[in-house]
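Trainee: Coordinates in model05.csv, CSV, C-alpha atoms, are listed below.
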```
chain,number,residue,atom,x,y,z
A,9,MET,CA,-37.5,66.0,77.3
A,10,LYS,CA,-36.7,69.7,77.4
A,11,ARG,CA,-34.0,69.1,74.9
A,12,LEU,CA,-36.4,67.2,72.6
A,13,ILE,CA,-38.9,70.0,72.7
A,14,THR,CA,-36.1,72.6,71.9
A,15,ILE,CA,-35.1,70.5,68.9
A,16,LEU,CA,-38.7,70.1,67.7
A,17,LEU,CA,-39.2,73.8,68.1
A,18,LEU,CA,-36.1,74.6,66.2
A,19,MET,CA,-37.1,72.3,63.4
A,20,PHE,CA,-40.6,73.8,63.3
A,21,MET,CA,-39.0,77.3,63.1
A,22,ILE,CA,-36.7,76.3,60.2
A,23,THR,CA,-39.6,74.6,58.3
A,24,THR,CA,-41.8,77.6,58.7
A,25,SER,CA,-39.1,80.0,57.6
A,26,TRP,CA,-38.8,78.1,54.3
A,27,ALA,CA,-42.6,77.8,53.7
A,28,GLN,CA,-44.5,80.2,51.5
A,29,THR,CA,-46.6,82.7,53.3
A,30,ALA,CA,-49.7,84.4,51.9
A,31,VAL,CA,-49.5,88.1,51.3
A,32,SER,CA,-52.0,90.8,51.9
A,33,ALA,CA,-54.2,92.1,49.0
A,34,ALA,CA,-52.1,95.3,48.8
A,35,GLU,CA,-48.9,93.4,48.6
A,36,GLN,CA,-50.4,91.0,46.0
A,37,LYS,CA,-51.3,93.9,43.8
A,38,GLN,CA,-47.8,95.2,44.1
A,39,MET,CA,-46.2,91.9,43.3
A,40,ILE,CA,-48.3,91.4,40.2
A,41,SER,CA,-47.5,94.9,39.1
A,42,GLN,CA,-43.8,94.1,39.4
A,43,ILE,CA,-44.2,90.8,37.5
A,44,ASN,CA,-46.0,92.7,34.7
A,45,SER,CA,-43.2,95.3,34.6
A,46,ALA,CA,-40.6,92.6,34.3
A,47,ALA,CA,-42.6,90.9,31.5
A,48,LYS,CA,-42.9,94.1,29.5
A,49,ALA,CA,-39.1,94.4,29.4
A,50,ILE,CA,-38.8,91.0,27.8
A,51,LYS,CA,-38.5,91.2,24.0
A,52,THR,CA,-37.2,87.7,23.4
A,53,LEU,CA,-36.7,84.7,25.7
A,54,GLN,CA,-35.3,81.3,25.3
A,55,CYS,CA,-34.8,78.5,27.8
A,56,ASP,CA,-34.5,74.7,28.3
A,57,PHE,CA,-37.3,73.0,30.1
A,58,THR,CA,-37.9,69.6,31.8
A,59,GLN,CA,-41.4,68.4,32.1
A,60,VAL,CA,-42.3,65.7,34.6
A,61,LYS,CA,-45.7,64.2,34.4
A,62,HIS,CA,-46.9,62.0,37.3
A,63,ILE,CA,-49.6,59.6,36.3
A,64,SER,CA,-51.5,58.7,39.4
A,65,LEU,CA,-53.2,55.6,38.1
A,66,LEU,CA,-49.9,54.0,37.2
A,67,GLY,CA,-47.8,55.5,39.9
A,68,ASN,CA,-45.1,56.4,37.4
A,69,ASP,CA,-43.5,59.6,36.2
A,70,MET,CA,-42.7,60.4,32.6
A,71,THR,CA,-40.0,63.0,31.9
A,72,SER,CA,-39.6,64.9,28.7
A,73,GLN,CA,-37.2,67.7,27.7
A,74,GLY,CA,-37.0,70.4,25.2
A,75,ARG,CA,-36.5,74.1,24.5
A,76,MET,CA,-38.7,77.2,24.4
A,77,TYR,CA,-38.4,80.3,22.3
A,78,PHE,CA,-40.5,83.4,22.7
A,79,LYS,CA,-40.4,86.6,20.7
A,80,GLY,CA,-42.6,89.6,21.3
A,81,GLY,CA,-45.6,90.0,19.0
A,82,ASN,CA,-47.2,86.7,19.7
A,83,LYS,CA,-44.5,84.3,18.6
A,84,LEU,CA,-43.8,81.2,20.6
A,85,ARG,CA,-42.0,78.0,19.8
A,86,TRP,CA,-42.3,75.1,22.3
A,87,GLU,CA,-40.1,72.2,21.2
A,88,TYR,CA,-39.9,68.7,22.7
A,89,SER,CA,-36.8,66.8,21.8
A,90,LYS,CA,-36.7,63.9,24.2
A,91,PRO,CA,-38.1,61.2,24.4
A,92,TYR,CA,-40.3,62.4,21.5
A,93,SER,CA,-40.0,65.1,18.9
A,94,TYR,CA,-42.9,67.5,18.9
A,95,THR,CA,-43.0,71.2,18.0
A,96,PHE,CA,-45.7,73.7,18.8
A,97,ILE,CA,-45.5,77.1,17.2
A,98,ILE,CA,-47.7,80.1,17.7
A,99,ASN,CA,-47.3,82.9,15.2
A,100,GLY,CA,-49.9,85.7,15.2
A,101,GLY,CA,-53.2,84.2,14.3
A,102,LYS,CA,-51.9,80.8,13.4
A,103,VAL,CA,-50.9,77.7,15.5
A,104,GLN,CA,-48.9,74.8,14.1
A,105,MET,CA,-48.2,71.4,15.7
A,106,LYS,CA,-45.4,69.3,14.1
A,107,ARG,CA,-44.3,65.7,14.8
A,108,SER,CA,-41.1,64.1,13.8
A,109,ASN,CA,-42.8,61.9,11.2
A,110,SER,CA,-43.7,65.1,9.4
A,111,GLN,CA,-47.3,65.1,10.6
A,112,THR,CA,-48.2,68.7,10.7
A,113,SER,CA,-51.5,70.5,11.7
A,114,THR,CA,-52.0,74.2,11.2
A,115,ILE,CA,-54.9,76.1,12.6
A,116,ASP,CA,-56.2,79.6,11.9
A,117,VAL,CA,-57.3,80.8,15.3
A,118,ASN,CA,-60.1,82.8,13.7
A,119,SER,CA,-61.9,79.7,12.5
A,120,SER,CA,-62.7,78.5,16.0
A,121,ARG,CA,-64.4,80.1,18.9
A,122,LEU,CA,-62.3,78.1,21.3
A,123,PHE,CA,-59.1,79.3,19.7
A,124,GLN,CA,-60.3,82.9,19.7
A,125,GLU,CA,-60.8,82.5,23.4
A,126,ILE,CA,-57.4,81.0,23.9
A,127,THR,CA,-55.8,83.8,21.9
A,128,ARG,CA,-57.7,86.4,23.9
A,129,ILE,CA,-56.3,84.9,27.1
A,130,MET,CA,-52.9,84.8,25.5
A,131,MET,CA,-53.0,88.4,24.7
A,132,LEU,CA,-53.9,89.2,28.3
A,133,SER,CA,-50.8,87.4,29.4
A,134,VAL,CA,-48.6,89.2,26.9
A,135,THR,CA,-49.9,92.6,27.9
A,136,GLY,CA,-49.5,91.7,31.5
A,137,GLU,CA,-53.1,91.2,32.6
A,138,CYS,CA,-53.1,87.5,33.2
A,139,LEU,CA,-52.6,87.5,36.9
A,140,SER,CA,-54.8,90.5,37.4
A,141,ASN,CA,-57.7,89.2,35.2
A,142,ALA,CA,-60.3,87.9,37.6
A,143,SER,CA,-62.7,86.7,34.9
A,144,ASP,CA,-60.3,83.8,33.9
A,145,PHE,CA,-58.5,82.9,37.1
A,146,LYS,CA,-58.5,83.5,40.8
A,147,VAL,CA,-55.0,84.3,41.9
A,148,LYS,CA,-53.5,84.2,45.4
A,149,MET,CA,-49.9,85.2,45.8
A,150,TYR,CA,-47.4,83.8,48.3
A,151,LYS,CA,-43.8,84.5,49.0
A,152,SER,CA,-40.7,83.2,50.7
A,153,LYS,CA,-37.2,84.6,50.8
A,154,ASN,CA,-36.2,83.6,47.3
A,155,GLU,CA,-39.4,82.7,45.6
A,156,TRP,CA,-42.8,84.0,44.8
A,157,GLU,CA,-45.7,81.8,44.1
A,158,ALA,CA,-49.0,82.5,42.3
A,159,ARG,CA,-51.6,79.9,43.1
A,160,ILE,CA,-54.2,80.0,40.3
A,161,THR,CA,-57.6,78.5,40.2
A,162,PRO,CA,-59.4,78.4,36.9
A,163,VAL,CA,-62.7,80.2,36.9
A,164,LYS,CA,-64.0,79.2,33.4
A,165,LYS,CA,-65.8,75.9,33.2
A,166,GLU,CA,-63.7,74.2,30.6
A,167,MET,CA,-60.4,74.8,32.4
A,168,ALA,CA,-61.9,74.1,35.8
A,169,LYS,CA,-63.0,70.7,34.6
A,170,MET,CA,-59.5,69.8,33.8
A,171,PHE,CA,-57.3,71.5,36.4
A,172,SER,CA,-57.9,71.8,40.1
A,173,SER,CA,-55.0,74.3,40.5
A,174,ILE,CA,-52.0,75.7,38.8
A,175,ILE,CA,-49.0,77.1,40.7
A,176,LEU,CA,-46.5,79.4,39.1
A,177,HIS,CA,-43.1,79.8,40.8
A,178,PHE,CA,-41.3,83.0,40.3
A,179,ASP,CA,-37.7,84.0,41.0
A,180,ALA,CA,-38.1,86.8,43.5
A,181,GLN,CA,-35.2,88.7,42.1
A,182,GLN,CA,-35.9,88.4,38.4
A,183,LYS,CA,-39.7,88.2,38.7
A,184,MET,CA,-39.6,85.5,36.1
A,185,VAL,CA,-41.3,82.1,36.1
A,186,THR,CA,-39.0,79.2,37.0
A,187,CYS,CA,-41.5,76.4,37.4
A,188,VAL,CA,-45.1,75.6,36.6
A,189,GLU,CA,-47.1,73.0,38.4
A,190,MET,CA,-50.4,71.9,37.0
A,191,LYS,CA,-52.7,69.7,39.2
A,192,GLU,CA,-55.4,67.9,37.4
A,193,LYS,CA,-58.7,66.7,38.8
A,194,SER,CA,-57.6,63.1,38.2
A,195,GLY,CA,-54.8,63.5,40.7
A,196,ASP,CA,-52.1,63.7,38.0
A,197,THR,CA,-49.5,66.5,38.2
A,198,THR,CA,-47.3,68.1,35.6
A,199,VAL,CA,-44.3,70.0,36.7
A,200,ILE,CA,-42.3,72.1,34.1
A,201,ARG,CA,-39.0,73.6,35.2
A,202,MET,CA,-37.3,76.2,33.1
A,203,THR,CA,-33.5,76.5,33.1
A,204,ASN,CA,-30.7,78.3,31.2
A,205,ALA,CA,-33.0,81.3,30.5
A,206,LYS,CA,-31.6,83.9,28.1
A,207,LYS,CA,-33.4,87.2,27.9
A,208,ASN,CA,-33.4,89.6,25.0
A,209,GLN,CA,-31.0,87.8,22.8
A,210,ASN,CA,-31.6,87.6,19.1
A,211,ILE,CA,-33.9,84.8,17.9
A,212,ALA,CA,-34.3,84.3,14.1
A,213,ASP,CA,-37.8,84.8,12.8
A,214,ASN,CA,-37.6,81.5,10.9
A,215,MET,CA,-37.9,79.7,14.2
A,216,PHE,CA,-41.6,80.8,14.1
A,217,VAL,CA,-42.4,80.2,10.5
A,218,ILE,CA,-45.7,78.3,10.0
B,1,MET,CA,-40.7,84.2,31.1
B,2,ARG,CA,-44.2,84.8,32.3
B,3,HIS,CA,-45.3,85.1,28.7
B,4,ILE,CA,-44.9,81.4,28.2
B,5,VAL,CA,-47.2,80.6,31.1
B,6,LEU,CA,-50.6,81.1,29.6
B,7,PRO,CA,-49.7,79.7,26.2
B,8,LEU,CA,-48.5,76.7,28.1
B,9,LEU,CA,-51.5,76.4,30.3
B,10,LEU,CA,-54.2,77.2,27.8
B,11,VAL,CA,-53.2,76.9,24.2
B,12,MET,CA,-51.1,73.8,24.5
B,13,PRO,CA,-53.2,71.5,26.6
B,14,LEU,CA,-56.4,72.4,24.9
B,15,SER,CA,-55.3,72.9,21.3
B,16,SER,CA,-53.9,69.5,20.5
B,17,TYR,CA,-57.0,67.9,21.7
B,18,ALA,CA,-59.6,70.6,20.9
B,19,LEU,CA,-59.2,70.6,17.2
B,20,GLU,CA,-59.4,67.0,16.5
B,21,THR,CA,-61.7,65.9,19.3
B,22,ALA,CA,-64.2,68.5,18.3
B,23,ASP,CA,-64.3,66.8,14.9
B,24,VAL,CA,-64.5,63.4,16.4
B,25,THR,CA,-67.5,64.5,18.5
B,26,LEU,CA,-69.3,65.8,15.5
B,27,LEU,CA,-68.5,62.9,13.2
B,28,ALA,CA,-69.0,60.1,15.6
B,29,LYS,CA,-72.6,61.0,16.5
B,30,PRO,CA,-74.3,60.3,13.2
B,31,ILE,CA,-72.7,56.8,13.0
B,32,LEU,CA,-73.7,55.9,16.5
B,33,TYR,CA,-77.2,57.3,16.2
B,34,SER,CA,-77.8,55.4,13.0
B,35,ASN,CA,-79.1,52.4,15.0
B,36,ILE,CA,-76.7,50.1,13.2
B,37,GLU,CA,-74.0,49.9,15.9
B,38,ILE,CA,-76.1,50.2,19.1
B,39,GLY,CA,-76.2,46.9,20.9
B,40,THR,CA,-74.1,45.0,18.4
B,41,CYS,CA,-70.6,46.0,19.5
B,42,HIS,CA,-70.8,44.6,23.0
B,43,HIS,CA,-69.6,41.2,21.9
B,44,ILE,CA,-66.4,42.5,20.1
B,45,PRO,CA,-63.9,41.6,22.8
B,46,ALA,CA,-64.9,38.0,22.7
B,47,GLU,CA,-64.7,37.6,19.0
B,48,PRO,CA,-61.0,37.6,18.1
B,49,PRO,CA,-59.0,34.4,18.7
B,50,ILE,CA,-57.5,34.7,22.2
B,51,SER,CA,-54.1,33.4,23.1
B,52,LEU,CA,-54.0,31.4,26.3
B,53,ASN,CA,-50.7,33.0,26.9
B,54,ALA,CA,-52.2,36.5,27.1
B,55,GLU,CA,-51.6,37.0,30.8
B,56,LYS,CA,-47.8,37.1,30.3
B,57,ASP,CA,-47.4,38.5,26.9
B,58,GLN,CA,-50.1,41.1,26.9
B,59,GLY,CA,-51.5,41.8,23.5
B,60,VAL,CA,-49.3,42.9,20.7
B,61,PHE,CA,-47.2,45.2,22.9
B,62,CYS,CA,-43.8,44.6,24.3
B,63,PHE,CA,-43.3,45.5,28.0
B,64,ASP,CA,-40.0,46.2,29.8
B,65,ALA,CA,-38.8,44.4,32.9
B,66,GLU,CA,-40.9,46.8,35.0
B,67,GLY,CA,-44.0,46.0,33.0
B,68,ILE,CA,-44.1,49.4,31.3
B,69,CYS,CA,-44.6,50.2,27.6
B,70,LEU,CA,-44.3,53.8,26.4
B,71,LEU,CA,-45.8,54.6,23.0
B,72,ASN,CA,-46.6,57.4,20.6
B,73,ALA,CA,-50.2,57.1,19.8
B,74,THR,CA,-52.0,58.6,16.9
B,75,PHE,CA,-55.8,58.5,16.3
B,76,ASP,CA,-57.0,59.1,12.8
B,77,PHE,CA,-60.7,59.6,12.2
B,78,ARG,CA,-61.8,60.3,8.6
B,79,GLY,CA,-59.0,62.7,7.8
B,80,HIS,CA,-58.6,64.2,11.3
B,81,ASN,CA,-55.9,63.1,13.6
B,82,LEU,CA,-55.0,63.4,17.2
B,83,THR,CA,-51.5,62.8,18.4
B,84,SER,CA,-50.7,61.8,21.9
B,85,LEU,CA,-48.6,59.6,24.2
B,86,CYS,CA,-49.7,56.3,25.8
B,87,MET,CA,-48.1,54.7,28.8
B,88,LEU,CA,-49.1,51.1,29.6
B,89,LYS,CA,-48.4,49.2,32.7
B,90,ASN,CA,-48.9,45.4,32.8
B,91,ASP,CA,-49.5,43.6,36.0
B,92,ASP,CA,-51.0,40.2,37.0
B,93,ASP,CA,-54.7,41.1,36.6
B,94,PHE,CA,-54.8,44.4,34.7
B,95,VAL,CA,-53.2,46.4,32.0
B,96,LYS,CA,-53.6,50.0,33.0
B,97,GLY,CA,-52.9,52.8,30.7
B,98,SER,CA,-52.9,56.5,30.4
B,99,VAL,CA,-53.3,58.6,27.2
B,100,ILE,CA,-51.9,62.1,27.5
B,101,ASN,CA,-51.0,64.8,25.0
B,102,GLU,CA,-47.4,65.9,24.5
B,103,PHE,CA,-47.9,68.7,27.1
B,104,GLY,CA,-48.8,66.2,29.7
B,105,VAL,CA,-52.6,66.8,29.8
B,106,LYS,CA,-54.6,63.7,30.1
B,107,ALA,CA,-57.1,62.5,27.5
B,108,PHE,CA,-58.2,59.4,29.5
B,109,ASP,CA,-57.0,56.5,31.7
B,110,PHE,CA,-58.1,53.0,31.2
B,111,GLU,CA,-58.0,49.6,33.0
B,112,PHE,CA,-58.2,46.4,31.1
B,113,ASN,CA,-59.3,43.5,33.2
B,114,LYS,CA,-57.5,40.4,31.8
B,115,ALA,CA,-59.9,37.8,33.3
B,116,LYS,CA,-63.1,39.6,32.1
B,117,ARG,CA,-61.5,41.0,29.0
B,118,LYS,CA,-63.2,44.2,29.6
B,119,CYS,CA,-61.9,47.7,29.5
B,120,LYS,CA,-63.0,50.6,31.7
B,121,LEU,CA,-62.3,54.2,30.9
B,122,LEU,CA,-61.4,56.6,33.7
B,123,ASN,CA,-60.7,60.3,34.1
B,124,VAL,CA,-61.9,61.1,30.6
B,125,MET,CA,-61.3,64.7,29.5
B,126,PRO,CA,-64.5,66.7,28.9
B,127,PHE,CA,-64.1,66.8,25.1
B,128,LEU,CA,-64.2,63.0,24.9
B,129,ASN,CA,-66.6,62.4,27.7
B,130,LYS,CA,-69.5,61.3,25.6
B,131,TRP,CA,-71.0,57.9,25.9
B,132,TYR,CA,-70.8,57.1,22.2
B,133,ILE,CA,-67.1,58.0,22.0
B,134,LYS,CA,-66.2,56.2,25.2
B,135,ARG,CA,-68.0,53.0,24.0
B,136,VAL,CA,-66.0,52.9,20.8
B,137,ILE,CA,-62.7,53.5,22.5
B,138,ARG,CA,-63.4,51.0,25.3
B,139,GLN,CA,-64.3,48.3,22.8
B,140,ASP,CA,-61.3,49.0,20.5
B,141,LEU,CA,-58.9,48.9,23.4
B,142,ALA,CA,-60.4,45.6,24.7
B,143,PHE,CA,-59.9,44.1,21.2
B,144,LEU,CA,-56.4,45.4,21.0
B,145,LEU,CA,-55.3,44.1,24.4
B,146,THR,CA,-56.9,40.7,24.0
B,147,SER,CA,-55.3,40.1,20.6
B,148,THR,CA,-51.8,38.6,20.7
B,149,SER,CA,-51.1,38.7,17.0
B,150,PRO,CA,-52.0,40.6,13.9
B,151,GLN,CA,-55.5,39.6,12.8
B,152,GLU,CA,-58.6,40.9,11.1
B,153,ASN,CA,-62.3,40.3,11.4
B,154,SER,CA,-65.3,42.1,9.9
B,155,ARG,CA,-65.1,45.0,12.3
B,156,ARG,CA,-61.5,45.5,13.2
B,157,SER,CA,-57.9,44.7,12.1
B,158,ILE,CA,-54.6,44.7,13.8
B,159,SER,CA,-51.3,44.8,12.0
B,160,LYS,CA,-47.7,45.1,13.4
B,161,THR,CA,-44.6,46.2,11.6
B,162,SER,CA,-41.1,44.8,12.2
B,163,GLU,CA,-40.2,48.1,14.1
B,164,GLY,CA,-43.0,47.3,16.5
B,165,GLU,CA,-45.5,49.8,15.2
B,166,VAL,CA,-49.0,48.5,16.0
B,167,VAL,CA,-52.0,49.7,13.9
B,168,LEU,CA,-55.6,49.0,14.9
B,169,ARG,CA,-58.3,49.8,12.5
B,170,ASN,CA,-61.9,50.1,13.4
B,171,LEU,CA,-63.4,49.4,10.0
B,172,ARG,CA,-66.9,50.5,10.7
B,173,GLN,CA,-66.0,53.7,12.4
B,174,ARG,CA,-63.1,54.3,10.0
B,175,LEU,CA,-61.0,55.0,13.0
B,176,THR,CA,-57.3,54.1,13.0
B,177,TYR,CA,-55.0,53.9,16.1
B,178,THR,CA,-51.3,53.8,15.5
B,179,PHE,CA,-48.9,53.0,18.4
B,180,THR,CA,-45.2,53.5,17.9
B,181,PRO,CA,-42.8,52.4,20.7
B,182,LEU,CA,-40.8,55.1,22.5
B,183,HIS,CA,-37.6,54.5,24.5
B,184,ASN,CA,-38.4,54.0,28.2
B,185,ASP,CA,-35.5,55.8,29.7
B,186,SER,CA,-37.8,58.7,30.5
B,187,ILE,CA,-39.9,56.7,32.9
B,188,GLU,CA,-39.3,56.7,36.7
B,189,GLN,CA,-41.0,54.6,39.3
```
Could you write out this structure as structure tokens?

Mentor:
Amino acid sequence: MKRLITILLLMFMITTSWAQTAVSAAEQKQMISQINSAAKAIKTLQCDFTQVKHISLLGNDMTSQGRMYFKGGNKLRWEYSKPYSYTFIINGGKVQMKRSNSQTSTIDVNSSRLFQEITRIMMLSVTGECLSNASDFKVKMYKSKNEWEARITPVKKEMAKMFSSIILHFDAQQKMVTCVEMKEKSGDTTVIRMTNAKKNQNIADNMFVI
Amino acid sequence: MRHIVLPLLLVMPLSSYALETADVTLLAKPILYSNIEIGTCHHIPAEPPISLNAEKDQGVFCFDAEGICLLNATFDFRGHNLTSLCMLKNDDDFVKGSVINEFGVKAFDFEFNKAKRKCKLLNVMPFLNKWYIKRVIRQDLAFLLTSTSPQENSRRSISKTSEGEVVLRNLRQRLTYTFTPLHNDSIEQ
């Protein structure tokens, strides 16, 4: 019995040492500041991603893969290649969505109040204010040995209706996002893992042409 | 890398629905408030010729050995279109399905009861969560899933190409649904 208790105690200690622990308000502020500093040093970024969507009604997962390109000055290309082809490009005040069968939609963000709001929040993220902006999200930071976690709860009604929470996983050394988990009100989850990240390497402007 | 997060969380999930669904909302209202459609569409699922074999070979879709069918789905409404993915699961009593956008954000789930030939929408995203939109989608899906071959009546038509692309047209609403099969190697149980 004594042996069993010792084993259980050891297991508990191991488990808790892996778990994320909440940080104090002061430490949270410091962590967010470090993330913001790391973000400001990024001029370009490209990586592969794998997206796993769990559909709770069906009990199945759907996996898709692709590549992401980011360039400072509001340029983003998010490209799915498998099992479907779909490209989403943001370039300044325009957004384009492209499908393999050449269906393309282009939107001027100034034409829609919703898109203006989205762009505003995007700008907050680019300038490093996203995790510290309390009007859009409530943020609680957690940490373990190798990873930081930002647990985000949407404050605005439209987002709050769709997502119950969003978790961002950061590499504790690089202060960069490695994984995003989105939990929907319906019980579905979407997990996006980023791999093979390359920072500050040249990306041709024509990747973002709309 | 953090830069990608909010574009991902905000622009992507909302945008590919927001544009087109906003238009759908605006355009669908006048039709449904015109007093022509109200009360008349309820009989639609019973109208098309129904195959007695419908329980095994559900509708015009081909399911894999696990009873799964993965599709690209496009909704066209008077010049506006919405692209998405649709996963269907066929079991003994129901065809269950989920329509999500390319970024994984759900538009709606549905359950089609084979015995009752009725479709129920679940977890409908706020942009589409209007009774007049839900009624049209529910009835169109019921028509689609009870039909086992290409056909046409005064309200709707279904066609299927040799590549397996299925097109459902709601003639009154001028709404077209196009379903194109995707390879199922991305699905895990």

Trainee: I need every residue sitting at most 12 Å from the point (-54.6, 43.7, 37.1) (coordinates as in the file, all atoms listed in the file considered), written as an mmCIF file with C-alpha atoms, keeping the file's coordinate frame.

Mentor:
```cif
data_model
loop_
_atom_site.group_PDB
_atom_site.id
_atom_site.type_symbol
_atom_site.label_atom_id
_atom_site.label_comp_id
_atom_site.auth_asym_id
_atom_site.auth_seq_id
_atom_site.Cartn_x
_atom_site.Cartn_y
_atom_site.Cartn_z
ATOM 1 C CA LEU A 66 -49.900 54.000 37.200
ATOM 2 C CA GLU B 55 -51.600 37.000 30.800
ATOM 3 C CA LYS B 56 -47.800 37.100 30.300
ATOM 4 C CA GLN B 58 -50.100 41.100 26.900
ATOM 5 C CA GLY B 67 -44.000 46.000 33.000
ATOM 6 C CA LEU B 88 -49.100 51.100 29.600
ATOM 7 C CA LYS B 89 -48.400 49.200 32.700
ATOM 8 C CA ASN B 90 -48.900 45.400 32.800
ATOM 9 C CA ASP B 91 -49.500 43.600 36.000
ATOM 10 C CA ASP B 92 -51.000 40.200 37.000
ATOM 11 C CA ASP B 93 -54.700 41.100 36.600
ATOM 12 C CA PHE B 94 -54.800 44.400 34.700
ATOM 13 C CA VAL B 95 -53.200 46.400 32.000
ATOM 14 C CA LYS B 96 -53.600 50.000 33.000
ATOM 15 C CA GLY B 97 -52.900 52.800 30.700
ATOM 16 C CA PHE B 110 -58.100 53.000 31.200
ATOM 17 C CA GLU B 111 -58.000 49.600 33.000
ATOM 18 C CA PHE B 112 -58.200 46.400 31.100
ATOM 19 C CA ASN B 113 -59.300 43.500 33.200
ATOM 20 C CA LYS B 114 -57.500 40.400 31.800
ATOM 21 C CA ALA B 115 -59.900 37.800 33.300
ATOM 22 C CA LYS B 116 -63.100 39.600 32.100
ATOM 23 C CA ARG B 117 -61.500 41.000 29.000
ATOM 24 C CA LYS B 118 -63.200 44.200 29.600
ATOM 25 C CA CYS B 119 -61.900 47.700 29.500
#
```

Trainee: Kindly assemble as CSV a list of the stretch 53-91 of chain A residues that lie within 9 Å of stretch 191-210 of chain A, each paired with its nearest atom pair and their distance in Å to one decimal, using only C-alpha atoms, sorted first by chain and then by ascending residue number.

Mentor:
```
residue,atom,partner,partner_atom,distance
A:Leu53,CA,A:Lys207,CA,4.7
A:Gln54,CA,A:Lys206,CA,5.3
A:Cys55,CA,A:Ala205,CA,4.3
A:Asp56,CA,A:Thr203,CA,5.2
A:Phe57,CA,A:Met202,CA,4.4
A:Thr58,CA,A:Arg201,CA,5.4
A:Gln59,CA,A:Ile200,CA,4.3
A:Val60,CA,A:Val199,CA,5.2
A:Lys61,CA,A:Thr198,CA,4.4
A:His62,CA,A:Thr197,CA,5.3
A:Ile63,CA,A:Asp196,CA,5.1
A:Ser64,CA,A:Asp196,CA,5.2
A:Leu65,CA,A:Asp196,CA,8.2
A:Arg75,CA,A:Met202,CA,8.9
A:Met76,CA,A:Met202,CA,8.9
A:Lys79,CA,A:Asn208,CA,8.7
```

Trainee: With 7 Å as the limit and counting all atoms listed in the file, what residues in chain A lie close to chain B? Please list them as an NGL selection string.

Mentor: :A and (47 or 53 or 61 or 66-72 or 91 or 126 or 130 or 133-134 or 170 or 184-185 or 194 or 198)

Trainee: Between atom CA of B:Leu144 and atom CA of A:Gln111, measure the distance and give it in Å to one decimal.

Mentor: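 That distance, rounded to one decimal, is 24.1 Å.
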
Trainee: Which polymer residues have any atom within 8 Å of an atom of B:Asn170, counting all atoms listed in the file, with same-chain residues fewer than 6 positions away left out, as a PyMOL selection string?

Mentor: chain B and resi 140+155-157+176

Trainee: Counting all atoms listed in the file, find residues at most 10 Å from (-45.7, 88.5, 38.5) (file frame) and give them as number ranges by chain.

Mentor: A: 36-47, 136-140, 149, 156-158, 176-180, 182-185; B: 1-2

Trainee: In Å, with one decimal, what is the gap from atom CA of B:Leu168 to atom CA of B:Leu145?

Mentor: 10.7 Å

Trainee: Using all atoms listed in the file, which residue out of A:Phe145, A:Met167, A:Gly74, A:Ile160 lies closest to A:Ser89?

Mentor: A:Gly74

Trainee: So which one's closest to A:Trp86, A:Ser143, A:Gln73, A:Thr186, A:Thr29? Using all atoms listed in the file, please.

Mentor: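 Counting all atoms listed in the file, the residue closest to A:Trp86 is A:Gln73.
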
Trainee: Quick one: distance from atom CA of A:Thr95 to atom CA of A:Ala212 in Å, one decimal?

Mentor: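 One can read the atom CA of A:Thr95 to atom CA of A:Ala212 distance as 16.2 Å.
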
Trainee: Which residue, A:Thr114, A:Arg107, A:Lys102, A:Ala30, has the smallest gap to B:Ala73 when you use all atoms listed in the file?

Mentor: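 The closest residue to B:Ala73 is A:Arg107.
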
Trainee: Between A:Ser113, A:Gly101, A:Lys106, A:Lys48, which has the minimum distance to A:Tyr88 (counting all atoms listed in the file)?

Mentor: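 Ranking A:Ser113, A:Gly101, A:Lys106, A:Lys48 by distance to A:Tyr88, first place goes to A:Lys106.
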
Trainee: Which of these, B:Cys86, B:Val167, B:Gly59, B:Gln173, has the shortest distance to B:Ile137 once you count all atoms listed in the file?

Mentor: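 Using all atoms listed in the file, B:Ile137 sits closest to B:Gln173.
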
Trainee: Would you list the contacts of B:Ile158 as a list of chain:residue names, taking every protein, DNA or RNA residue within 10 Å and counting all atoms listed in the file, but skipping same-chain residues closer than 5 positions in sequence?

Mentor: B:Val60, B:Phe143, B:Leu144, B:Ser147, B:Thr148, B:Ser149, B:Pro150, B:Gln151, B:Glu152, B:Asn153, B:Val166, B:Val167, B:Leu168, B:Arg169, B:Asn170, B:Thr176, B:Tyr177, B:Thr178
